[in-house]
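K.L.:
Below is data.txt; it holds compact mmCIF, C-alpha atoms and all ligand atoms.
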```txt
# COMPACT_ATOMS: atom_id res chain seq x y z
CA MET F 30 -17.90 -6.75 8.83
CA ILE F 31 -14.35 -5.53 8.40
CA LYS F 32 -13.30 -3.55 11.46
CA TYR F 33 -9.58 -3.25 10.79
CA ASN F 34 -7.43 -1.01 8.63
CA CYS F 35 -3.67 -0.66 8.78
CA HIS F 36 -3.09 1.75 5.89
CA THR F 37 -3.83 5.38 6.81
CA HIS F 38 -2.09 8.71 6.29
CA SER F 39 -2.12 11.95 8.25
CA ASN F 40 -0.73 15.48 8.17
CA PHE F 41 2.70 14.07 9.06
CA CYS F 42 2.94 13.20 5.34
CA ASP F 43 0.51 13.99 2.50
CA GLY F 44 -2.65 13.27 4.50
CA ILE F 45 -5.07 16.04 5.45
CA ASP F 46 -6.14 15.23 9.01
CA THR F 47 -4.28 14.69 12.27
CA ILE F 48 -3.49 11.21 13.56
CA GLU F 49 -5.90 11.75 16.44
CA ASP F 50 -8.69 12.68 14.00
CA MET F 51 -8.01 9.48 12.04
CA ILE F 52 -8.22 7.43 15.24
CA LYS F 53 -11.47 9.13 16.27
CA ALA F 54 -12.93 8.49 12.80
CA ALA F 55 -12.03 4.81 13.13
CA ILE F 56 -13.70 4.63 16.55
CA ASN F 57 -16.81 6.27 15.09
CA CYS F 58 -16.95 3.48 12.49
CA ASP F 59 -16.74 0.92 15.28
CA MET F 60 -13.29 -0.25 14.19
CA LYS F 61 -11.30 -2.47 16.51
CA ALA F 62 -7.81 -1.63 15.25
CA ILE F 63 -6.25 1.17 13.24
CA GLY F 64 -2.72 1.22 11.86
CA ILE F 65 -1.05 4.58 11.26
CA SER F 66 1.22 4.37 8.22
CA SER F 67 2.52 7.74 7.08
CA HIS F 68 4.96 7.77 4.15
CA GLY F 69 8.36 7.20 5.78
CA PRO F 70 11.31 9.57 5.25
CA LEU F 71 13.50 9.08 2.17
CA PRO F 72 17.14 9.93 1.49
CA PHE F 73 15.80 12.86 -0.60
CA GLU F 74 13.00 15.42 -0.09
CA THR F 75 9.55 14.93 -1.62
CA GLU F 76 6.14 16.54 -1.30
CA TRP F 77 4.49 13.45 0.17
CA ASN F 78 7.03 11.74 2.43
CA MET F 79 7.56 12.68 6.07
CA LYS F 80 10.63 14.74 6.74
CA LYS F 81 13.36 12.90 8.66
CA GLU F 82 13.33 15.58 11.39
CA ARG F 83 9.70 14.76 12.19
CA LEU F 84 10.15 11.01 12.58
CA GLU F 85 10.68 11.02 16.33
CA GLU F 86 7.71 13.32 16.90
CA TYR F 87 5.63 10.99 14.71
CA LEU F 88 6.57 7.87 16.67
CA ASN F 89 5.96 9.63 20.00
CA THR F 90 2.59 10.97 18.85
CA VAL F 91 1.31 7.56 17.71
CA ASN F 92 2.63 5.84 20.84
CA GLU F 93 0.98 8.40 23.12
CA LEU F 94 -2.35 8.10 21.28
CA LYS F 95 -2.03 4.33 21.45
CA LYS F 96 -2.09 4.59 25.25
CA GLU F 97 -4.75 7.28 25.36
CA TYR F 98 -7.24 5.35 23.21
CA SER F 99 -6.36 1.83 24.31
CA LYS F 100 -9.80 1.26 25.83
CA ASP F 101 -11.56 2.14 22.59
CA ILE F 102 -9.31 0.81 19.83
CA ASP F 103 -5.95 -0.82 19.10
CA VAL F 104 -3.65 1.80 17.59
CA LEU F 105 -0.64 0.40 15.75
CA VAL F 106 2.45 2.37 14.85
CA GLY F 107 3.57 1.76 11.30
CA LEU F 108 4.97 3.39 8.20
CA GLU F 109 4.46 3.01 4.50
CA ILE F 110 8.02 2.49 3.35
CA ASP F 111 9.21 3.05 -0.20
CA TYR F 112 11.21 0.47 -2.07
CA LEU F 113 13.69 2.63 -3.99
CA PRO F 114 15.26 1.63 -7.32
CA GLU F 115 18.86 1.87 -6.11
CA TYR F 116 18.53 1.03 -2.43
CA GLY F 117 15.60 -1.33 -2.02
CA LEU F 118 14.77 -0.82 1.67
CA ASP F 119 18.43 -0.78 2.73
CA TYR F 120 18.30 2.95 3.49
CA VAL F 121 15.76 2.40 6.30
CA GLY F 122 17.74 0.46 8.92
CA ASP F 123 16.75 -2.02 11.62
CA GLU F 124 16.77 0.61 14.36
CA LEU F 125 13.69 2.26 12.87
CA LEU F 126 11.99 -0.99 11.85
CA ASN F 127 12.31 -2.25 15.43
CA LYS F 128 10.33 0.75 16.68
CA LEU F 129 7.34 -0.15 14.48
CA ASP F 130 4.50 -2.61 15.04
CA TYR F 131 4.49 -3.28 11.28
CA TYR F 132 5.12 -1.57 7.96
CA ILE F 133 3.75 -1.55 4.45
CA GLY F 134 6.28 -2.03 1.69
CA SER F 135 5.32 -0.07 -1.43
CA VAL F 136 6.82 0.63 -4.83
CA HIS F 137 6.09 4.20 -5.97
CA TYR F 138 9.43 5.33 -7.43
CA LEU F 139 10.46 3.97 -10.79
CA GLY F 140 13.19 6.19 -12.16
CA GLU F 141 14.85 9.56 -12.45
CA PHE F 142 14.64 12.29 -15.07
CA GLU F 143 17.73 14.01 -16.46
CA ASP F 144 17.19 16.95 -14.11
CA GLY F 145 17.38 14.57 -11.11
CA TYR F 146 13.63 14.48 -10.43
CA LYS F 147 12.60 11.07 -9.14
CA TRP F 148 9.23 10.13 -10.62
CA CYS F 149 6.51 7.93 -9.19
CA VAL F 150 4.04 5.54 -10.78
CA ASP F 151 1.12 7.40 -9.20
CA GLU F 152 1.80 10.84 -10.61
CA THR F 153 -0.02 12.13 -13.71
CA ALA F 154 -0.16 10.09 -16.94
CA GLU F 155 2.08 12.75 -18.53
CA VAL F 156 4.83 12.21 -15.94
CA ILE F 157 4.60 8.45 -16.38
CA LYS F 158 4.74 8.73 -20.17
CA ARG F 159 7.83 10.92 -19.84
CA GLY F 160 9.39 8.39 -17.47
CA ILE F 161 8.68 5.50 -19.84
CA LYS F 162 10.28 7.48 -22.65
CA GLU F 163 13.33 8.71 -20.75
CA ASN F 164 14.11 5.68 -18.57
CA PHE F 165 12.74 2.73 -20.52
CA GLY F 166 13.24 3.78 -24.16
CA GLY F 167 9.48 4.24 -24.62
CA ASP F 168 8.88 0.55 -23.93
CA VAL F 169 5.74 0.11 -21.77
CA GLN F 170 6.24 -3.63 -21.32
CA LYS F 171 9.79 -3.07 -20.11
CA THR F 172 8.51 -0.45 -17.64
CA LEU F 173 5.84 -2.76 -16.24
CA LYS F 174 8.29 -5.64 -16.01
CA HIS F 175 10.57 -3.37 -14.01
CA TYR F 176 7.71 -2.22 -11.76
CA TYR F 177 6.53 -5.74 -10.93
CA SER F 178 10.04 -7.16 -10.59
CA SER F 179 10.68 -4.40 -8.03
CA ILE F 180 7.64 -5.62 -6.07
CA ALA F 181 8.87 -9.22 -6.34
CA ASP F 182 12.31 -8.10 -5.16
CA LEU F 183 10.75 -6.18 -2.25
CA ALA F 184 8.87 -9.33 -1.23
CA VAL F 185 11.78 -11.75 -1.50
CA LYS F 186 14.51 -9.57 0.01
CA TYR F 187 12.56 -7.90 2.82
CA GLU F 188 9.27 -9.78 3.31
CA PRO F 189 7.32 -6.70 4.38
CA PRO F 190 4.31 -7.57 6.56
CA VAL F 191 2.08 -5.95 3.91
CA ILE F 192 2.67 -5.27 0.23
CA GLY F 193 0.93 -2.00 -0.67
CA HIS F 194 -1.40 -1.43 -3.65
CA LEU F 195 0.00 -4.15 -5.94
CA ASP F 196 -1.16 -2.67 -9.25
CA LEU F 197 -0.90 1.03 -8.35
CA ILE F 198 0.56 1.55 -11.83
CA LYS F 199 -2.98 1.30 -13.25
CA LYS F 200 -3.95 4.50 -11.40
CA ASN F 201 -3.40 6.68 -14.46
CA ASN F 202 -4.40 4.08 -17.03
CA LYS F 203 -7.88 5.44 -17.75
CA ASN F 204 -9.17 4.16 -21.13
CA ASN F 205 -6.01 2.03 -21.33
CA CYS F 206 -3.94 5.11 -22.19
CA LEU F 207 -0.75 3.38 -21.01
CA PHE F 208 -1.40 -0.35 -21.37
CA ASN F 209 -4.15 -2.97 -21.62
CA GLU F 210 -4.29 -5.19 -18.58
CA ASN F 211 -6.23 -7.85 -20.50
CA GLU F 212 -3.25 -8.63 -22.72
CA ASP F 213 -1.30 -11.83 -22.24
CA TRP F 214 2.08 -10.20 -21.63
CA TYR F 215 0.64 -8.25 -18.67
CA LYS F 216 -1.07 -11.33 -17.27
CA ALA F 217 2.24 -13.21 -17.47
CA ILE F 218 4.03 -10.44 -15.54
CA ILE F 219 1.37 -10.54 -12.81
CA GLU F 220 1.56 -14.35 -12.67
CA ASP F 221 5.34 -14.21 -12.16
CA CYS F 222 5.06 -11.54 -9.48
CA LEU F 223 2.38 -13.44 -7.54
CA ASN F 224 4.34 -16.69 -7.77
CA THR F 225 7.27 -14.91 -6.15
CA ILE F 226 5.15 -13.28 -3.42
CA LYS F 227 3.69 -16.70 -2.65
CA THR F 228 7.14 -17.91 -1.57
CA THR F 229 7.25 -15.21 1.14
CA LYS F 230 5.30 -14.37 4.29
CA SER F 231 4.05 -11.04 2.93
CA ILE F 232 0.34 -10.26 2.88
CA ILE F 233 -1.17 -8.48 -0.13
CA GLU F 234 -3.55 -5.66 0.70
CA ILE F 235 -6.81 -4.93 -1.02
CA ASN F 236 -6.63 -1.16 -1.16
CA THR F 237 -9.79 0.90 -1.69
CA GLY F 238 -7.97 4.25 -1.92
CA GLY F 239 -7.71 4.50 -5.72
CA LYS F 240 -11.42 3.90 -6.13
CA ALA F 241 -12.24 6.27 -3.24
CA ARG F 242 -10.46 9.09 -5.01
CA GLY F 243 -12.03 8.30 -8.39
CA TYR F 244 -8.86 7.09 -10.11
CA THR F 245 -9.84 3.47 -10.67
CA GLU F 246 -13.02 1.50 -11.23
CA GLU F 247 -11.81 -1.49 -9.24
CA PHE F 248 -9.75 -1.72 -6.10
CA TYR F 249 -6.00 -2.39 -6.06
CA PRO F 250 -5.45 -5.11 -7.19
CA SER F 251 -8.02 -5.65 -9.97
CA ASN F 252 -10.65 -8.36 -9.49
CA TRP F 253 -9.00 -10.83 -11.90
CA ILE F 254 -5.73 -10.49 -9.97
CA LEU F 255 -7.61 -11.10 -6.72
CA GLN F 256 -8.95 -14.31 -8.23
CA LYS F 257 -5.36 -15.42 -8.90
CA ILE F 258 -4.33 -14.42 -5.37
CA LYS F 259 -7.14 -16.56 -4.00
CA ASP F 260 -6.24 -19.51 -6.25
CA LYS F 261 -2.61 -19.29 -5.11
CA GLN F 262 -3.74 -18.99 -1.46
CA ILE F 263 -1.76 -15.83 -0.80
CA PRO F 264 -3.08 -14.05 2.32
CA ILE F 265 -4.93 -10.74 1.98
CA THR F 266 -5.77 -7.83 4.25
CA ILE F 267 -8.19 -4.96 3.63
CA ASN F 268 -7.12 -1.31 3.82
CA SER F 269 -8.42 2.08 2.73
CA ASP F 270 -5.14 4.00 2.33
CA ALA F 271 -7.20 6.93 3.67
CA HIS F 272 -5.62 10.37 3.43
CA PHE F 273 -8.49 12.00 5.36
CA THR F 274 -11.06 10.91 7.95
CA LYS F 275 -13.93 10.53 5.51
CA GLY F 276 -12.40 7.65 3.58
CA ILE F 277 -11.41 5.64 6.64
CA ASN F 278 -13.47 2.54 5.74
CA TYR F 279 -14.36 3.38 2.13
CA GLU F 280 -16.36 0.53 0.55
CA PHE F 281 -15.27 -2.07 3.11
CA LYS F 282 -18.74 -3.58 2.84
CA GLU F 283 -18.28 -3.96 -0.92
CA VAL F 284 -14.82 -5.49 -0.47
CA TYR F 285 -16.27 -8.04 1.90
CA GLU F 286 -18.94 -9.01 -0.65
CA LEU F 287 -16.27 -9.19 -3.35
CA ILE F 288 -13.89 -11.49 -1.47
CA LYS F 289 -16.84 -13.69 -0.57
CA GLU F 290 -17.85 -13.88 -4.22
CA ILE F 291 -14.28 -14.66 -5.32
CA GLY F 292 -14.14 -17.44 -2.75
CA PHE F 293 -11.61 -16.30 -0.16
CA SER F 294 -12.12 -18.29 3.02
CA SER F 295 -10.45 -15.74 5.31
CA TYR F 296 -8.62 -12.41 5.53
CA SER F 297 -5.79 -11.23 7.77
CA PHE F 298 -5.89 -8.24 10.09
CA LEU F 299 -3.51 -6.62 12.53
CA THR F 300 -4.24 -6.04 16.23
CA SER F 301 -2.06 -5.22 19.23
CA GLU F 302 -1.67 -8.99 19.63
CA GLY F 303 -0.27 -9.34 16.13
CA TRP F 304 -1.71 -10.70 12.90
CA LYS F 305 -4.91 -12.71 13.07
CA GLN F 306 -7.27 -14.26 10.56
CA LYS F 307 -10.99 -13.90 10.24
CA GLU F 308 -13.21 -16.34 8.43
CA VAL F 309 -15.25 -15.00 5.50
CA ILE F 310 -18.85 -16.15 5.95
ZN ZN F 401 1.30 4.19 -1.42
ZN ZN F 402 -0.56 4.90 1.32
```
Take the structure from the file and write it as structure tokens.
P.N.:
Amino acid sequence: MIKYNCHTHSNFCDGIDTIEDMIKAAINCDMKAIGISSHGPLPFETEWNMKKERLEEYLNTVNELKKEYSKDIDVLVGLEIDYLPEYGLDYVGDELLNKLDYYIGSVHYLGEFEDGYKWCVDETAEVIKRGIKENFGGDVQKTLKHYYSSIADLAVKYEPPVIGHLDLIKKNNKNNCLFNENEDWYKAIIEDCLNTIKTTKSIIEINTGGKARGYTEEFYPSNWILQKIKDKQIPITINSDAHFTKGINYEFKEVYELIKEIGFSSYSFLTSEGWKQKEVI
């Protein structure tokens, strides 16, 4: 079964529990490796990203716990880093990246309202609708093209070890209130994005967090996208994006059955010795 997870949050960002609690929860589930990936600091303040002043404390805390629990589990120090519309990842800097075992590159931010508020794809449907109206002239297709071209850009320019929650934008799309992912134009956008990711070394995560919190019926990305990922032989890894101890390995058993059914022959996982692959049997 899947005993690895490199996408977890803690009370250093918008998670509930401490890093140590997350590690203990992983040990209780018999996990072999756990990656700590709080939302990294941004050039502006938000409710969910770590404050810049806490970064050093964060790195020290994870590194100390890594030593303390080394007999029980591999603890990896990471961050979930935001690709920003104007900066890409250029605001982060190599000095910080060099201190990490890995990072997850994610697109959350899509634009800015007139009052300067920077909005994310995973806020409420109302915020997203306002963003589509104010920043994309009310054009949903244009918005989605922008979202997925940002992910493609993230992959090509920076090759993050992991690309986070590929179709996060469906989080607030209950009853297709924003778009219909069965339509051809959407499928074409996904096809383009995957073809670009395929040219890079980045791994796409299967993220169970949206389903765990009741936002989506399928994981990120949707099953039909996973089928395409498999057909294109893009590597995958499995993560929970847990914001509290309880969701640490949410539906990992189901994910395993799913990737087997789709026909993946292996999945990637991160340990203290780097990335490895496990056969799906
Ligand atoms: Zn995220
Ligand atoms: Zn996350």
K.L.:
In the coordinates of the file, take the point (5.2, -8.4, -9.4) and a cut-off of 12 Å; then, counting all atoms listed in the file, name each qualifying protein, DNA or RNA residue as JSON, numbers by chain.
P.N.:
{"F": [135, 136, 172, 173, 174, 175, 176, 177, 178, 179, 180, 181, 182, 183, 184, 185, 192, 193, 194, 195, 196, 197, 198, 215, 216, 217, 218, 219, 220, 221, 222, 223, 224, 225, 226, 227, 233, 250, 254, 258]}
K.L.:
Of the residues F:Cys42, F:Leu129, F:Cys206, F:Cys58, which is the one nearest to ligand ZN 401 (chain F), using all atoms listed in the file?
P.N.:
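Smallest distance to ligand ZN 401 (chain F) is found for F:Cys42.
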K.L.:
Rank nothing, just name the residue among F:Tyr296, F:Trp253, F:Tyr87, F:Trp77 nearest to F:Glu152, using all atoms listed in the file.
P.N.:
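The answer is F:Trp77, which sits nearest to F:Glu152.
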K.L.:
Please determine an axis-aligned box that encloses all atoms of stretch 108-124 of chain F listed in the file, with 8 Å added on each side, and express its centre and edge lengths in Å to one decimal as JSON.
P.N.:
```
{"center_x": 11.7, "center_y": 0.7, "center_z": 3.5, "size_x": 30.4, "size_y": 21.4, "size_z": 37.7}
```
K.L.:
Of the residues F:Tyr285, F:Phe73, F:Phe273, F:Trp148, which is the one nearest to ligand ZN 402 (chain F), using only C-alpha atoms and all ligand atoms?
P.N.:
F:Phe273
K.L.:
Enumerate residues in contact with ligand ZN 402 (chain F): an atom-to-atom distance of at most 12 Å, counting all atoms listed in the file. Format the result as an mmCIF file with C-alpha atoms, in the frame of the given file.
P.N.:
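Here's the written file selection-v3.cif:
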```
data_model
loop_
_atom_site.group_PDB
_atom_site.id
_atom_site.type_symbol
_atom_site.label_atom_id
_atom_site.label_comp_id
_atom_site.auth_asym_id
_atom_site.auth_seq_id
_atom_site.Cartn_x
_atom_site.Cartn_y
_atom_site.Cartn_z
ATOM 1 C CA ASN F 34 -7.430 -1.010 8.630
ATOM 2 C CA CYS F 35 -3.670 -0.660 8.780
ATOM 3 C CA HIS F 36 -3.090 1.750 5.890
ATOM 4 C CA THR F 37 -3.830 5.380 6.810
ATOM 5 C CA HIS F 38 -2.090 8.710 6.290
ATOM 6 C CA SER F 39 -2.120 11.950 8.250
ATOM 7 C CA CYS F 42 2.940 13.200 5.340
ATOM 8 C CA ASP F 43 0.510 13.990 2.500
ATOM 9 C CA GLY F 44 -2.650 13.270 4.500
ATOM 10 C CA GLY F 64 -2.720 1.220 11.860
ATOM 11 C CA ILE F 65 -1.050 4.580 11.260
ATOM 12 C CA SER F 66 1.220 4.370 8.220
ATOM 13 C CA SER F 67 2.520 7.740 7.080
ATOM 14 C CA HIS F 68 4.960 7.770 4.150
ATOM 15 C CA GLY F 69 8.360 7.200 5.780
ATOM 16 C CA TRP F 77 4.490 13.450 0.170
ATOM 17 C CA ASN F 78 7.030 11.740 2.430
ATOM 18 C CA GLY F 107 3.570 1.760 11.300
ATOM 19 C CA LEU F 108 4.970 3.390 8.200
ATOM 20 C CA GLU F 109 4.460 3.010 4.500
ATOM 21 C CA ILE F 110 8.020 2.490 3.350
ATOM 22 C CA ASP F 111 9.210 3.050 -0.200
ATOM 23 C CA TYR F 132 5.120 -1.570 7.960
ATOM 24 C CA ILE F 133 3.750 -1.550 4.450
ATOM 25 C CA GLY F 134 6.280 -2.030 1.690
ATOM 26 C CA SER F 135 5.320 -0.070 -1.430
ATOM 27 C CA VAL F 136 6.820 0.630 -4.830
ATOM 28 C CA HIS F 137 6.090 4.200 -5.970
ATOM 29 C CA ASP F 151 1.120 7.400 -9.200
ATOM 30 C CA VAL F 191 2.080 -5.950 3.910
ATOM 31 C CA ILE F 192 2.670 -5.270 0.230
ATOM 32 C CA GLY F 193 0.930 -2.000 -0.670
ATOM 33 C CA HIS F 194 -1.400 -1.430 -3.650
ATOM 34 C CA LEU F 195 0.000 -4.150 -5.940
ATOM 35 C CA LEU F 197 -0.900 1.030 -8.350
ATOM 36 C CA GLU F 234 -3.550 -5.660 0.700
ATOM 37 C CA ILE F 235 -6.810 -4.930 -1.020
ATOM 38 C CA ASN F 236 -6.630 -1.160 -1.160
ATOM 39 C CA THR F 237 -9.790 0.900 -1.690
ATOM 40 C CA GLY F 238 -7.970 4.250 -1.920
ATOM 41 C CA GLY F 239 -7.710 4.500 -5.720
ATOM 42 C CA TYR F 249 -6.000 -2.390 -6.060
ATOM 43 C CA ASN F 268 -7.120 -1.310 3.820
ATOM 44 C CA SER F 269 -8.420 2.080 2.730
ATOM 45 C CA ASP F 270 -5.140 4.000 2.330
ATOM 46 C CA ALA F 271 -7.200 6.930 3.670
ATOM 47 C CA HIS F 272 -5.620 10.370 3.430
ATOM 48 C CA PHE F 273 -8.490 12.000 5.360
#
```
K.L.:
I need the residue nearest F:Phe248 from this list: F:Lys230, F:Lys53, F:Lys199, F:Lys275. Use only C-alpha atoms for the distance.
P.N.:
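Under the stated criterion, the closest residue is F:Lys199.
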K.L.:
In terms of the shortest atom-to-atom distance over all atoms listed in the file, which of F:Lys261, F:Ile45, F:Ala154, F:Met60 is closest to F:Tyr33?
P.N.:
F:Met60
K.L.:
Which one is closest to F:Asp101: F:Ile56, F:Ile267, F:Met79, F:Leu287? Count only C-alpha atoms.
P.N.:
F:Ile56
K.L.:
At a cut-off of 9 Å from (-12.8, 5.8, 11.8) in the coordinates of the file, what residues are picked up using all atoms listed in the file, written as a PyMOL selection string?
P.N.:
chain F and resi 50-60+63+274-278
K.L.:
Quote the spacing between atom CA of F:Tyr112 and atom CA of F:Glu141 in Å to one decimal place.
P.N.:
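Those two atoms sit 14.3 Å apart.
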K.L.:
Applying 12 Å and only C-alpha atoms, which residues near F:Lys95 remain after dropping the ones on its own chain fewer than 4 positions away? List them as number ranges by chain.
P.N.:
F: 48-49, 52-53, 62-65, 88-91, 99-107, 130, 300-301
K.L.:
Work out how far atom CA of F:Lys128 is from atom CA of F:Phe281, in Å to one decimal.
P.N.:
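Computed distance, atom CA of F:Phe281 to atom CA of F:Lys128, equals 29.1 Å.
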K.L.:
Quick one, how far is atom CA of F:Gln306 from atom CA of F:Gln256?
P.N.:
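Separation of atom CA of F:Gln306 and atom CA of F:Gln256: 18.9 Å.
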